[in-house]
$ cat my_file.pdb   # PDB, C-alpha atoms, pLDDT in the B column
ATOM      1  CA  MET A   1     -13.238 -50.394 -30.754  1.00 56.00           C
ATOM      2  CA  ILE A   2     -12.002 -47.523 -28.586  1.00 66.00           C
ATOM      3  CA  ASP A   3     -10.127 -44.722 -30.259  1.00 68.00           C
ATOM      4  CA  GLN A   4      -6.757 -44.113 -28.723  1.00 71.00           C
ATOM      5  CA  PRO A   5      -5.874 -40.449 -28.228  1.00 72.00           C
ATOM      6  CA  GLU A   6      -3.147 -39.285 -30.510  1.00 73.00           C
ATOM      7  CA  PRO A   7       0.198 -38.769 -28.828  1.00 70.00           C
ATOM      8  CA  PRO A   8       1.071 -35.102 -28.426  1.00 70.00           C
ATOM      9  CA  LYS A   9       3.024 -33.668 -31.284  1.00 70.00           C
ATOM     10  CA  PRO A  10       6.557 -32.620 -30.427  1.00 71.00           C
ATOM     11  CA  LEU A  11       6.964 -28.882 -29.955  1.00 71.00           C
ATOM     12  CA  SER A  12       8.809 -26.960 -32.591  1.00 80.00           C
ATOM     13  CA  SER A  13      12.070 -25.337 -31.527  1.00 83.00           C
ATOM     14  CA  THR A  14      10.422 -21.886 -31.749  1.00 87.00           C
ATOM     15  CA  LYS A  15       7.599 -23.004 -29.472  1.00 85.00           C
ATOM     16  CA  ARG A  16      10.093 -24.475 -26.965  1.00 84.00           C
ATOM     17  CA  ILE A  17      12.041 -21.197 -26.920  1.00 89.00           C
ATOM     18  CA  GLU A  18       8.810 -19.250 -26.461  1.00 88.00           C
ATOM     19  CA  ARG A  19       7.677 -21.511 -23.620  1.00 87.00           C
ATOM     20  CA  GLY A  20      11.108 -21.267 -21.935  1.00 89.00           C
ATOM     21  CA  PHE A  21      11.072 -17.482 -22.249  1.00 88.00           C
ATOM     22  CA  GLU A  22       7.569 -17.302 -20.771  1.00 89.00           C
ATOM     23  CA  THR A  23       8.679 -19.524 -17.876  1.00 89.00           C
ATOM     24  CA  VAL A  24      11.577 -17.157 -17.130  1.00 90.00           C
ATOM     25  CA  LEU A  25       9.235 -14.154 -17.305  1.00 89.00           C
ATOM     26  CA  PHE A  26       6.678 -15.831 -15.052  1.00 87.00           C
ATOM     27  CA  ASN A  27       9.277 -16.824 -12.459  1.00 84.00           C
ATOM     28  CA  SER A  28      10.819 -13.343 -12.487  1.00 88.00           C
ATOM     29  CA  ARG A  29       7.962 -12.260 -10.215  1.00 85.00           C
ATOM     30  CA  TRP A  30       9.965 -13.770  -7.346  1.00 90.00           C
ATOM     31  CA  LEU A  31      12.504 -10.979  -7.781  1.00 89.00           C
ATOM     32  CA  MET A  32       9.912  -8.769  -6.036  1.00 89.00           C
ATOM     33  CA  ALA A  33       9.932 -10.877  -2.847  1.00 90.00           C
ATOM     34  CA  PRO A  34      13.086  -9.215  -1.425  1.00 92.00           C
ATOM     35  CA  PHE A  35      11.462  -5.807  -1.962  1.00 92.00           C
ATOM     36  CA  TYR A  36       8.521  -6.841   0.205  1.00 93.00           C
ATOM     37  CA  PHE A  37      10.901  -8.258   2.812  1.00 94.00           C
ATOM     38  CA  GLY A  38      12.727  -4.905   2.808  1.00 96.00           C
ATOM     39  CA  LEU A  39       9.417  -3.172   3.448  1.00 95.00           C
ATOM     40  CA  VAL A  40       8.852  -5.501   6.418  1.00 95.00           C
ATOM     41  CA  ILE A  41      12.229  -4.364   7.767  1.00 97.00           C
ATOM     42  CA  SER A  42      11.086  -0.759   7.272  1.00 96.00           C
ATOM     43  CA  LEU A  43       8.146  -1.585   9.556  1.00 96.00           C
ATOM     44  CA  VAL A  44      10.675  -2.431  12.276  1.00 96.00           C
ATOM     45  CA  VAL A  45      12.258   0.995  11.752  1.00 96.00           C
ATOM     46  CA  LEU A  46       8.810   2.624  11.944  1.00 95.00           C
ATOM     47  CA  LEU A  47       8.117   0.706  15.149  1.00 96.00           C
ATOM     48  CA  TYR A  48      11.361   2.049  16.609  1.00 97.00           C
ATOM     49  CA  LYS A  49      10.348   5.597  15.607  1.00 95.00           C
ATOM     50  CA  PHE A  50       6.870   5.085  17.077  1.00 96.00           C
ATOM     51  CA  VAL A  51       8.290   3.848  20.399  1.00 97.00           C
ATOM     52  CA  MET A  52      10.663   6.834  20.558  1.00 96.00           C
ATOM     53  CA  LEU A  53       7.814   9.269  19.834  1.00 94.00           C
ATOM     54  CA  LEU A  54       5.609   7.561  22.398  1.00 96.00           C
ATOM     55  CA  TYR A  55       8.368   7.688  25.021  1.00 96.00           C
ATOM     56  CA  GLU A  56       8.925  11.406  24.369  1.00 94.00           C
ATOM     57  CA  PHE A  57       5.169  12.016  24.364  1.00 94.00           C
ATOM     58  CA  ILE A  58       4.714  10.346  27.755  1.00 95.00           C
ATOM     59  CA  LEU A  59       7.796  12.054  29.201  1.00 94.00           C
ATOM     60  CA  HIS A  60       6.556  15.546  28.334  1.00 91.00           C
ATOM     61  CA  ALA A  61       2.810  14.967  28.845  1.00 90.00           C
ATOM     62  CA  THR A  62       2.616  16.400  32.375  1.00 90.00           C
ATOM     63  CA  LEU A  63       4.037  19.805  31.352  1.00 91.00           C
ATOM     64  CA  ALA A  64       2.535  19.957  27.846  1.00 87.00           C
ATOM     65  CA  LYS A  65      -0.236  22.269  26.707  1.00 85.00           C
ATOM     66  CA  GLU A  66      -3.375  20.775  25.182  1.00 82.00           C
ATOM     67  CA  SER A  67      -2.211  21.683  21.677  1.00 79.00           C
ATOM     68  CA  ASP A  68       1.112  19.899  22.325  1.00 84.00           C
ATOM     69  CA  ILE A  69      -0.778  16.785  23.433  1.00 89.00           C
ATOM     70  CA  ILE A  70      -2.882  16.889  20.273  1.00 86.00           C
ATOM     71  CA  LEU A  71       0.243  17.372  18.134  1.00 85.00           C
ATOM     72  CA  GLY A  72       1.906  14.432  19.887  1.00 89.00           C
ATOM     73  CA  VAL A  73      -1.100  12.208  19.250  1.00 90.00           C
ATOM     74  CA  LEU A  74      -1.184  13.324  15.600  1.00 86.00           C
ATOM     75  CA  SER A  75       2.492  12.401  15.258  1.00 88.00           C
ATOM     76  CA  LEU A  76       1.753   8.921  16.639  1.00 92.00           C
ATOM     77  CA  ILE A  77      -1.201   8.557  14.261  1.00 89.00           C
ATOM     78  CA  ASP A  78       0.983   9.712  11.372  1.00 87.00           C
ATOM     79  CA  VAL A  79       3.581   6.987  12.002  1.00 91.00           C
ATOM     80  CA  SER A  80       0.809   4.429  12.538  1.00 91.00           C
ATOM     81  CA  LEU A  81      -0.857   5.316   9.216  1.00 86.00           C
ATOM     82  CA  THR A  82       2.497   5.048   7.475  1.00 88.00           C
ATOM     83  CA  GLY A  83       2.891   1.547   8.967  1.00 91.00           C
ATOM     84  CA  ASN A  84      -0.592   0.640   7.713  1.00 86.00           C
ATOM     85  CA  LEU A  85       0.384   1.915   4.284  1.00 85.00           C
ATOM     86  CA  VAL A  86       3.484  -0.289   4.248  1.00 89.00           C
ATOM     87  CA  LEU A  87       1.401  -3.331   5.305  1.00 87.00           C
ATOM     88  CA  ILE A  88      -1.122  -2.698   2.545  1.00 83.00           C
ATOM     89  CA  VAL A  89       1.681  -2.551  -0.021  1.00 84.00           C
ATOM     90  CA  VAL A  90       3.418  -5.663   1.348  1.00 87.00           C
ATOM     91  CA  PHE A  91       0.382  -7.937   1.490  1.00 83.00           C
ATOM     92  CA  SER A  92      -1.461  -6.677  -1.566  1.00 80.00           C
ATOM     93  CA  GLY A  93       1.687  -6.409  -3.652  1.00 82.00           C
ATOM     94  CA  TYR A  94       2.859  -9.881  -2.722  1.00 84.00           C
ATOM     95  CA  GLU A  95      -0.598 -11.345  -3.328  1.00 80.00           C
ATOM     96  CA  ASN A  96      -1.090  -9.527  -6.650  1.00 76.00           C
ATOM     97  CA  PHE A  97       2.399  -9.826  -8.116  1.00 79.00           C
ATOM     98  CA  VAL A  98       4.304 -12.710  -6.511  1.00 86.00           C
ATOM     99  CA  SER A  99       2.191 -15.517  -5.090  1.00 84.00           C
ATOM    100  CA  LYS A 100      -1.194 -16.226  -3.569  1.00 79.00           C
ATOM    101  CA  ILE A 101      -1.221 -16.466   0.217  1.00 76.00           C
ATOM    102  CA  ASP A 102      -3.269 -19.271   1.736  1.00 75.00           C
ATOM    103  CA  PRO A 103      -5.058 -17.750   4.752  1.00 73.00           C
ATOM    104  CA  ARG A 104      -6.547 -21.084   5.949  1.00 75.00           C
ATOM    105  CA  ASP A 105      -3.638 -21.759   8.300  1.00 74.00           C
ATOM    106  CA  HIS A 106      -3.908 -18.266   9.805  1.00 74.00           C
ATOM    107  CA  PRO A 107      -7.153 -17.927  11.828  1.00 75.00           C
ATOM    108  CA  ASP A 108      -6.584 -14.202  12.525  1.00 78.00           C
ATOM    109  CA  TRP A 109      -5.908 -13.370   8.880  1.00 74.00           C
ATOM    110  CA  PRO A 110      -7.801 -10.183   7.928  1.00 73.00           C
ATOM    111  CA  GLU A 111     -10.147 -11.009   5.090  1.00 70.00           C
ATOM    112  CA  TRP A 112      -9.318  -7.897   3.049  1.00 67.00           C
ATOM    113  CA  MET A 113      -5.655  -8.903   2.660  1.00 66.00           C
ATOM    114  CA  THR A 114      -6.364 -11.527   0.041  1.00 63.00           C
ATOM    115  CA  LYS A 115      -9.101  -9.559  -1.697  1.00 66.00           C
ATOM    116  CA  VAL A 116      -7.397  -6.272  -2.615  1.00 67.00           C
ATOM    117  CA  ASP A 117      -6.856  -6.073  -6.364  1.00 69.00           C
ATOM    118  CA  PHE A 118      -4.539  -3.579  -8.043  1.00 69.00           C
ATOM    119  CA  ALA A 119      -7.241  -0.892  -8.337  1.00 71.00           C
ATOM    120  CA  GLY A 120      -8.127  -1.356  -4.661  1.00 74.00           C
ATOM    121  CA  LEU A 121      -4.445  -1.196  -3.753  1.00 73.00           C
ATOM    122  CA  LYS A 122      -4.074   2.126  -5.576  1.00 76.00           C
ATOM    123  CA  GLN A 123      -7.138   3.526  -3.805  1.00 78.00           C
ATOM    124  CA  LYS A 124      -5.953   2.397  -0.368  1.00 78.00           C
ATOM    125  CA  LEU A 125      -2.488   3.814  -1.014  1.00 79.00           C
ATOM    126  CA  LEU A 126      -3.823   7.148  -2.156  1.00 82.00           C
ATOM    127  CA  ALA A 127      -6.333   7.323   0.714  1.00 82.00           C
ATOM    128  CA  SER A 128      -3.514   6.669   3.193  1.00 81.00           C
ATOM    129  CA  ILE A 129      -1.348   9.330   1.568  1.00 83.00           C
ATOM    130  CA  VAL A 130      -4.233  11.820   1.765  1.00 85.00           C
ATOM    131  CA  ALA A 131      -4.745  10.985   5.463  1.00 85.00           C
ATOM    132  CA  ILE A 132      -1.021  11.387   6.209  1.00 84.00           C
ATOM    133  CA  SER A 133      -0.973  14.658   4.269  1.00 84.00           C
ATOM    134  CA  ALA A 134      -4.055  15.897   6.146  1.00 84.00           C
ATOM    135  CA  ILE A 135      -2.331  15.184   9.456  1.00 83.00           C
ATOM    136  CA  GLN A 136       0.692  17.222   8.334  1.00 81.00           C
ATOM    137  CA  VAL A 137      -1.593  20.136   7.413  1.00 80.00           C
ATOM    138  CA  LEU A 138      -3.436  19.849  10.737  1.00 81.00           C
ATOM    139  CA  LYS A 139      -0.143  19.791  12.652  1.00 78.00           C
ATOM    140  CA  ALA A 140       1.007  22.915  10.802  1.00 78.00           C
ATOM    141  CA  PHE A 141      -2.322  24.628  11.441  1.00 77.00           C
ATOM    142  CA  MET A 142      -2.071  23.862  15.145  1.00 75.00           C
ATOM    143  CA  ASN A 143       1.428  25.395  15.184  1.00 70.00           C
ATOM    144  CA  LEU A 144       0.251  28.733  13.785  1.00 70.00           C
ATOM    145  CA  ASP A 145       0.555  30.316  17.256  1.00 69.00           C
ATOM    146  CA  ALA A 146       4.180  29.210  17.438  1.00 66.00           C
ATOM    147  CA  GLY A 147       5.004  31.430  14.465  1.00 67.00           C
ATOM    148  CA  TYR A 148       4.612  28.747  11.784  1.00 67.00           C
ATOM    149  CA  ASP A 149       5.540  30.003   8.324  1.00 73.00           C
ATOM    150  CA  SER A 150       2.355  30.806   6.392  1.00 73.00           C
ATOM    151  CA  THR A 151       4.131  30.146   3.080  1.00 79.00           C
ATOM    152  CA  LYS A 152       4.996  26.641   4.229  1.00 80.00           C
ATOM    153  CA  LEU A 153       1.398  26.143   5.392  1.00 78.00           C
ATOM    154  CA  GLY A 154       0.201  27.282   1.954  1.00 82.00           C
ATOM    155  CA  TRP A 155       2.477  24.738   0.272  1.00 82.00           C
ATOM    156  CA  LEU A 156       1.259  21.979   2.602  1.00 83.00           C
ATOM    157  CA  ILE A 157      -2.368  22.818   1.808  1.00 86.00           C
ATOM    158  CA  GLY A 158      -1.621  22.981  -1.927  1.00 88.00           C
ATOM    159  CA  ILE A 159       0.163  19.641  -1.925  1.00 86.00           C
ATOM    160  CA  HIS A 160      -2.618  18.115   0.169  1.00 87.00           C
ATOM    161  CA  LEU A 161      -5.203  19.334  -2.347  1.00 88.00           C
ATOM    162  CA  VAL A 162      -3.168  17.821  -5.187  1.00 88.00           C
ATOM    163  CA  PHE A 163      -3.258  14.474  -3.334  1.00 86.00           C
ATOM    164  CA  VAL A 164      -7.021  14.789  -2.761  1.00 87.00           C
ATOM    165  CA  VAL A 165      -7.746  15.663  -6.405  1.00 88.00           C
ATOM    166  CA  SER A 166      -5.397  12.904  -7.637  1.00 86.00           C
ATOM    167  CA  THR A 167      -7.187  10.384  -5.441  1.00 84.00           C
ATOM    168  CA  LEU A 168     -10.596  11.466  -6.723  1.00 86.00           C
ATOM    169  CA  VAL A 169      -9.457  11.376 -10.358  1.00 86.00           C
ATOM    170  CA  MET A 170      -7.906   7.917  -9.875  1.00 82.00           C
ATOM    171  CA  ALA A 171     -11.081   6.614  -8.203  1.00 80.00           C
ATOM    172  CA  LEU A 172     -13.260   8.009 -10.999  1.00 83.00           C
ATOM    173  CA  SER A 173     -10.901   6.604 -13.618  1.00 80.00           C
ATOM    174  CA  ASP A 174     -11.019   3.144 -12.021  1.00 75.00           C
ATOM    175  CA  ARG A 175     -14.803   3.321 -11.731  1.00 77.00           C
ATOM    176  CA  TRP A 176     -15.259   4.400 -15.328  1.00 79.00           C
ATOM    177  CA  GLY A 177     -12.794   1.758 -16.481  1.00 73.00           C
ATOM    178  CA  SER A 178     -14.600  -1.005 -14.605  1.00 69.00           C
ATOM    179  CA  ASP A 179     -18.000   0.192 -15.846  1.00 66.00           C
ATOM    180  CA  HIS A 180     -16.698   0.227 -19.448  1.00 60.00           C
ATOM    181  CA  GLY A 181     -15.076  -3.206 -19.084  1.00 53.00           C
ATOM    182  CA  SER A 182     -18.204  -4.776 -17.609  1.00 53.00           C
ATOM    183  CA  GLY A 183     -20.566  -3.371 -20.204  1.00 50.00           C
ATOM    184  CA  LYS A 184     -22.397  -1.143 -17.688  1.00 49.00           C
ATOM    185  CA  GLY A 185     -21.165   2.067 -19.289  1.00 45.00           C
ATOM    186  CA  GLY A 186     -23.670   4.697 -20.258  1.00 44.00           C
ATOM    187  CA  HIS A 187     -22.886   4.911 -24.001  1.00 43.00           C
TER     188      HIS A 187
END
$ encode --input "my_file.pdb" --output "C-alpha cells"
Amino acid sequence: MIDQPEPPKPLSSTKRIERGFETVLFNSRWLMAPFYFGLVISLVVLLYKFVMLLYEFILHATLAKESDIILGVLSLIDVSLTGNLVLIVVFSGYENFVSKIDPRDHPDWPEWMTKVDFAGLKQKLLASIVAISAIQVLKAFMNLDAGYDSTKLGWLIGIHLVFVVSTLVMALSDRWGSDHGSGKGGH
C-alpha cells in the first residue's frame, strides 16, 4: 500500500498576512526600474555634452597650444568616464536589486555586467570617482600657467585624496569582511 502525501495544511491568517506583506516587499524592487531608466536618459544628456565638447575641441584644435589639446582630451575622457560610471550603476544596480538579465540573447553582452556584486559595484563606483577626480586635479595642474587659484588646487587635491583614502578603506573593509565571512580570517 502506497502512502498518500498529506494535503497541505491551510495557512493561518497571520501566515497569510506575512506572506502577502513579503510579496509586496519583494515586488517593491520594481520601483527602482524608473530610476535606472532615468539614468539611461542621463546618458543621452552626457552624449550631447560629449558631442558639444568634441565639436569645440575639433574647431579650436588648429590654433590650440599643446596644453589646450591635452586639457580638451582630458575633458572628453572625464565625460566618458562619467558615462561608464552611469552604465555600471544601471546594469549592476538593475541586476542586483531589480531583476536578473539573461545575456544569452545578447551575443555582445559584456561578461562583467552580470557578475558585479554589490561590493564590486561599490569598488567600481569609487574607482571611477577617483579617476574623474584625478582628471580634475590634472586639469587644474595644467592650468597653473593661466593663473589658476592655488587655494582651489589645494582643495581639489585634498578632496581627491579623501576619495583615494575612502576607496582604499572600502576595499580593505570589503576584503576583511569577505575573509571573515568565508572563514579565511587570521584570528
$ atom_distance --input "my_file.pdb" --atom1 "CA of Leu168 in chain A" --atom2 "CA of Leu121 in chain A"
14.4 Å
$ residues_around --input "my_file.pdb" --residues "range 43-52 of chain A" --least-positions-apart "2" --cutoff "9 Å" --atoms "all atoms listed in the file" --output "ChimeraX atom specification"
/A:38-41,54-57,75-76,79-80,82-83,86-87
$ residues_around --input "my_file.pdb" --residues "Ala61 in chain A" --least-positions-apart "6" --cutoff "12 Å" --atoms "all atoms listed in the file" --output "number ranges by chain"
A: 53-55, 67-73
$ atom_distance --input "my_file.pdb" --atom1 "CA of Ile157 in chain A" --atom2 "CA of Ala134 in chain A"
8.3 Å
$ closest_atom_pairs --input "my_file.pdb" --of "range 96-150 of chain A" --to "range 21-30 of chain A" --cutoff "10 Å" --atoms "all atoms listed in the file" --output "tab-separated table"
residue	atom	partner	partner_atom	distance
A:Phe97	CA	A:Arg29	CA	6.4
A:Val98	CA	A:Arg29	CA	5.2
A:Ser99	CA	A:Trp30	CA	8.3
$ atom_distance --input "my_file.pdb" --atom1 "CA of Ile129 in chain A" --atom2 "CA of Ile58 in chain A"
26.9 Å
$ axis_aligned_box --input "my_file.pdb" --around "range 87-92 of chain A" --padding-each-side "8 Å" --output "lines of an AutoDock Vina configuration file"
center_x = 1.0
center_y = -5.2
center_z = 1.9
size_x = 20.9
size_y = 21.4
size_z = 22.9
$ closest_residue --input "my_file.pdb" --among "A:Thr62, A:Ser150, A:Asn84, A:Ser12" --to "Ser42 in chain A" --atoms "all atoms listed in the file"
A:Asn84
$ closest_residue --input "my_file.pdb" --among "A:Lys122, A:Leu31, A:Lys100, A:Ser13" --to "Ser173 in chain A" --atoms "all atoms listed in the file"
A:Lys122
$ resolve_selection --input "my_file.pdb" --expression "the PyMOL selection byres ((chain A and resi 136-143) around 10)" --output "number ranges by chain"
A: 67-68, 70-72, 74-75, 78, 130-135, 144-150, 152-160
$ closest_residue --input "my_file.pdb" --among "A:Leu161, A:Ala127, A:Tyr94, A:Trp176" --to "Phe35 in chain A" --atoms "all atoms listed in the file"
A:Tyr94
$ closest_residue --input "my_file.pdb" --among "A:Leu63, A:Leu125, A:Val162, A:Ile77" --to "Ser92 in chain A" --atoms "all atoms listed in the file"
A:Leu125
$ closest_residue --input "my_file.pdb" --among "A:Arg104, A:Ala64, A:Glu111, A:Val89" --to "Leu126 in chain A" --atoms "only C-alpha atoms"
A:Val89
